[in-house]
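J.: One structure, as structure tokens, below. Some questions next.
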Amino acid sequence: MRTQVAIVGAGPAGLLLSHLLAADGVESVVIETRTREYVESRIRAGILEHSTVELLESAGLGDRLRREGDEHRGIYLQWPSERHHIDFHDLVGRGVWVYGQTEVQKDLGRARDAAGQQVIYDVRDTTVHDPEDPYVTFTLDGVATRLDADVVVGCDGSFGPTRSVVPGRTWQRTYAYSWLGVLAAVAPSTDELIYAWHPDGFALNSMRSPTVTRLYLQVPAETDIAEWPDERIWDALATRLGHGQDGWKLTRGPITEKSVLPMRSFVQAPMRHGRVFLAGDAAHIVPPTGAKGLNLAVADVALLAPALVALLLEKDSRLADGYSDRALRRVWRCTHFSWWMTTMLHAGGDPFDAQLQLSQLRWVASSVAGATGLAENYAGLPIGF
Ligand code: DHB
């Protein structure tokens, strides 16, 4: 097989890239180790930045998002006995949208179906070869296959094979805690997300729809989910989120999914070697606090698509040559923001750190300068920042 762009990975980054390339007349083939059912049902974050929504809309992918998504003006920041609303709209003139990654994935899948995009799911043994004249090999139903391409893009996440052919430097930070995430079939107890600092550990009250609540609890790294029966989860959420405080109530309901998510920061640079490029989690991982992962992947692809169009159709390599440096500016901004939100909100066991966290939270919640910094980063900086 031969194509212009071989895309490894059919998550949001890979499918969005194929969509943007096709709009400009560049052909691609996407390969994916998982099944379509798996990629369309795995639970991920659910917050879209303003610029992510604008990009999806301009690519013709905004209809269902506008209908079924929920625009939020801001978030609540809280610690025991105090809850403060940070209004992003008032502070920076833009908000965020609650719309699950699973929904973005389904919208992309349908749009690519309608366009006749070739996406090959359930492949095995994917290997990327020869960065100067690249090709990808894999097996499909036991048959060895070779895909030649002008360019290969790794959108294959942090454990995918593409990164191994892009030499460079890496930076990372692991955290001593994880998140226990649950989906519950119950109406959200709050109109906007609550980020709660608590001496027992962080808690987050998020949502997916008027009937589905998404909640997270800080737990020690390596926690066994079996230690957390549903009753214990609800009790911890009630304590940390302040059930009963100023009349606020956390409504319980059936938990339909639960899992433990490890937390780490990771960046690889550069995000390109020869004719092999990386986008999204293949090049960088952020801890979930602040919901930057999907938004960063979209921002990478928004820079990479026009760069590949210029490279392949006009033989102009300037944007492709600048891609890694440009993408990494935003990657490091979001890496810092995610680390900052994480370290401001999670209990680490050190009483001095706890006082610094509370002081920082009081400053963010009460100073326009403090709140604006959070709002600008959370609602998202412009693509190309
Ligand atoms: C969600 C995840 C996040 O990491 C976050 O900061 C906000 C919301 C979510 O899954 O809803």
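FYI, nothing fancy with the structure tokens labels: chains A, B, ... in order, residues from 1 per chain, ligands from 1 as they appear.
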With a distance cut-off of 9 Å and only C-alpha atoms, select the neighbouring residues of A:Thr372, excluding the residue or stretch itself and same-chain residues fewer than 5 positions from it, and output the selection as an MDAnalysis selection string.
T.: chainID A and resid 86 88 91:92 364 367 377
J.: Might you pull out every residue within 12 Å of A:Val165, with only C-alpha atoms counted and same-chain residues fewer than 5 positions away left off, and present them as JSON, numbers by chain?
T.: {"A": [127, 128, 129, 130, 131, 132, 134, 135, 136, 152, 153, 154, 160, 270, 271, 272, 273, 274, 275, 276, 277, 278, 282, 283]}
J.: Residues at most 10 Å from A:Thr52, counting only C-alpha atoms, excluding those fewer than 2 positions away in the same chain, as a list in words?
T.: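 Contacts, with the query itself left out: Ile47, Leu48, Glu49, His50, Glu54, Leu55, Leu56, Glu57, Ser58, Val96, Trp97, Leu294, Asn295, Leu296, Ala297, Val298, Ala299, Ala302, Ala379, Gly380, Pro382 and Ile383 of chain A.
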J.: Report the closest atom pair, with its distance in Å rounded to one decimal, for each residue of chain A that has an atom no farther than 7 Å from ligand 1; count only C-alpha atoms and all ligand atoms, sort by chain and then rising residue number, and write it as JSON lines.
T.:
```
{"residue": "A:Arg44", "atom": "CA", "partner": "ligand 1", "partner_atom_place_in_ligand_line": "10 (O)", "distance": 6.0}
{"residue": "A:Ala45", "atom": "CA", "partner": "ligand 1", "partner_atom_place_in_ligand_line": "10 (O)", "distance": 3.4}
{"residue": "A:Gly46", "atom": "CA", "partner": "ligand 1", "partner_atom_place_in_ligand_line": "11 (O)", "distance": 4.3}
{"residue": "A:Ile47", "atom": "CA", "partner": "ligand 1", "partner_atom_place_in_ligand_line": "8 (C)", "distance": 5.7}
{"residue": "A:Ser206", "atom": "CA", "partner": "ligand 1", "partner_atom_place_in_ligand_line": "11 (O)", "distance": 4.7}
{"residue": "A:Met207", "atom": "CA", "partner": "ligand 1", "partner_atom_place_in_ligand_line": "11 (O)", "distance": 5.6}
{"residue": "A:Arg208", "atom": "CA", "partner": "ligand 1", "partner_atom_place_in_ligand_line": "11 (O)", "distance": 6.7}
{"residue": "A:Arg214", "atom": "CA", "partner": "ligand 1", "partner_atom_place_in_ligand_line": "11 (O)", "distance": 5.8}
{"residue": "A:Pro288", "atom": "CA", "partner": "ligand 1", "partner_atom_place_in_ligand_line": "4 (O)", "distance": 3.8}
{"residue": "A:Thr289", "atom": "CA", "partner": "ligand 1", "partner_atom_place_in_ligand_line": "6 (O)", "distance": 4.0}
{"residue": "A:Gly290", "atom": "CA", "partner": "ligand 1", "partner_atom_place_in_ligand_line": "6 (O)", "distance": 3.5}
{"residue": "A:Ala291", "atom": "CA", "partner": "ligand 1", "partner_atom_place_in_ligand_line": "4 (O)", "distance": 3.9}
```
J.: Quick one: residues within 9 Å of stretch 223-236 of chain A, only C-alpha atoms, excluding same-chain residues fewer than 3 positions away - as a ChimeraX atom specification?
T.: /A:177-178,180,182,200,203,217,219-220,239-241,250,252,254-255,258-260
J.: Write out, as a short mmCIF file (atom, residue, chain, number, x, y, z; two decimals), in the first residue's frame, the residues just selected, with N, CA, C and O atoms.
T.:
```cif
data_model
loop_
_atom_site.label_atom_id
_atom_site.label_comp_id
_atom_site.auth_asym_id
_atom_site.auth_seq_id
_atom_site.Cartn_x
_atom_site.Cartn_y
_atom_site.Cartn_z
N TYR A 177 0.68 10.12 43.78
CA TYR A 177 -0.75 9.81 43.89
C TYR A 177 -1.33 9.51 42.51
O TYR A 177 -0.71 9.80 41.48
N SER A 178 -2.51 8.91 42.52
CA SER A 178 -3.27 8.63 41.30
C SER A 178 -4.65 9.24 41.49
O SER A 178 -4.98 9.75 42.57
N LEU A 180 -8.70 8.12 41.37
CA LEU A 180 -9.71 7.09 41.21
C LEU A 180 -10.88 7.80 40.53
O LEU A 180 -11.42 8.77 41.09
N VAL A 182 -14.69 7.80 38.71
CA VAL A 182 -15.94 7.05 38.57
C VAL A 182 -16.92 7.80 37.67
O VAL A 182 -16.92 9.02 37.62
N ASP A 200 -7.63 15.27 53.36
CA ASP A 200 -7.65 13.83 53.01
C ASP A 200 -7.17 13.59 51.59
O ASP A 200 -6.90 12.45 51.21
N ALA A 203 -10.39 16.21 45.49
CA ALA A 203 -11.58 15.61 44.83
C ALA A 203 -12.06 16.56 43.75
O ALA A 203 -11.89 17.77 43.85
N LEU A 217 -11.21 11.10 42.85
CA LEU A 217 -10.63 11.20 44.19
C LEU A 217 -9.13 10.97 44.09
O LEU A 217 -8.69 10.03 43.41
N VAL A 219 -5.97 9.28 45.29
CA VAL A 219 -5.66 8.06 46.06
C VAL A 219 -4.14 7.83 45.93
O VAL A 219 -3.52 8.35 45.00
N PRO A 220 -3.54 7.04 46.82
CA PRO A 220 -2.11 6.79 46.67
C PRO A 220 -1.81 6.07 45.34
O PRO A 220 -2.65 5.30 44.85
N THR A 239 -17.17 13.86 52.00
CA THR A 239 -16.31 14.60 52.93
C THR A 239 -15.50 15.65 52.19
O THR A 239 -15.46 16.82 52.56
N ARG A 240 -14.82 15.21 51.12
CA ARG A 240 -13.88 16.14 50.46
C ARG A 240 -14.59 17.24 49.68
O ARG A 240 -14.06 18.35 49.56
N LEU A 241 -15.77 16.94 49.13
CA LEU A 241 -16.48 17.95 48.35
C LEU A 241 -17.38 18.84 49.22
O LEU A 241 -17.97 19.80 48.73
N LEU A 250 -24.26 16.44 47.95
CA LEU A 250 -23.77 15.56 46.90
C LEU A 250 -24.78 14.43 46.74
O LEU A 250 -25.00 13.66 47.69
N ARG A 252 -25.94 10.88 45.55
CA ARG A 252 -25.32 9.61 45.17
C ARG A 252 -26.16 8.89 44.13
O ARG A 252 -27.35 9.17 43.99
N PRO A 254 -25.97 5.13 41.14
CA PRO A 254 -25.24 3.93 40.76
C PRO A 254 -23.92 4.25 40.03
O PRO A 254 -23.93 5.06 39.11
N ILE A 255 -22.84 3.65 40.49
CA ILE A 255 -21.54 3.83 39.82
C ILE A 255 -21.47 2.83 38.67
O ILE A 255 -21.64 1.62 38.87
N LYS A 258 -15.48 2.39 37.13
CA LYS A 258 -14.46 2.99 37.99
C LYS A 258 -13.08 2.45 37.63
O LYS A 258 -12.94 1.29 37.25
N SER A 259 -12.08 3.33 37.74
CA SER A 259 -10.72 2.91 37.43
C SER A 259 -9.73 3.85 38.09
O SER A 259 -10.08 4.96 38.50
N VAL A 260 -8.49 3.38 38.21
CA VAL A 260 -7.42 4.18 38.81
C VAL A 260 -6.51 4.68 37.69
O VAL A 260 -6.07 3.91 36.84
#
```
J.: What does the distance between atom CA of A:Thr170 and atom CA of A:Asp281 come to in Å, to one decimal place?
T.: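 Taking atom CA of A:Thr170 and atom CA of A:Asp281, their separation equals 13.2 Å.
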J.: Tell me, as a VMD selection string, which residues lie within 10 Å of A:Arg34, counting only C-alpha atoms; anything in the same chain fewer than 3 positions away does not count.
T.: chain A and resid 9 to 11 31 37 to 39 120 to 124
J.: Near A:Pro287, within 6 Å and counting only C-alpha atoms, which residues show up once chain neighbours fewer than 2 positions away are dropped, as a list in words?
T.: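 Once the nearby chain positions are removed, what remains is Met263, Arg264, Ser265 and Thr289 of chain A.
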J.: Of the candidates A:His336, A:Asp24, A:Pro80, A:Arg42, which one gets nearest to A:Thr102 if we count only C-alpha atoms?
T.: A:Arg42
J.: Would you compute the distance between atom CA of A:Asp191 and atom CA of A:His72? Give it in Å to one decimal.
T.: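 Going from atom CA of A:Asp191 over to atom CA of A:His72 covers 8.3 Å.
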J.: Which residue gives the smallest distance to A:Met341 among A:Leu20, A:Ile43, A:Leu374, A:Ala354, with only C-alpha atoms counted?
T.: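 Going through A:Leu20, A:Ile43, A:Leu374, A:Ala354 one by one, the smallest distance to A:Met341 is for A:Leu374.
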J.: To one decimal place in Å, what is the distance between atom CA of A:Ala59 and atom CA of A:Gly14?
T.: 14.5 Å
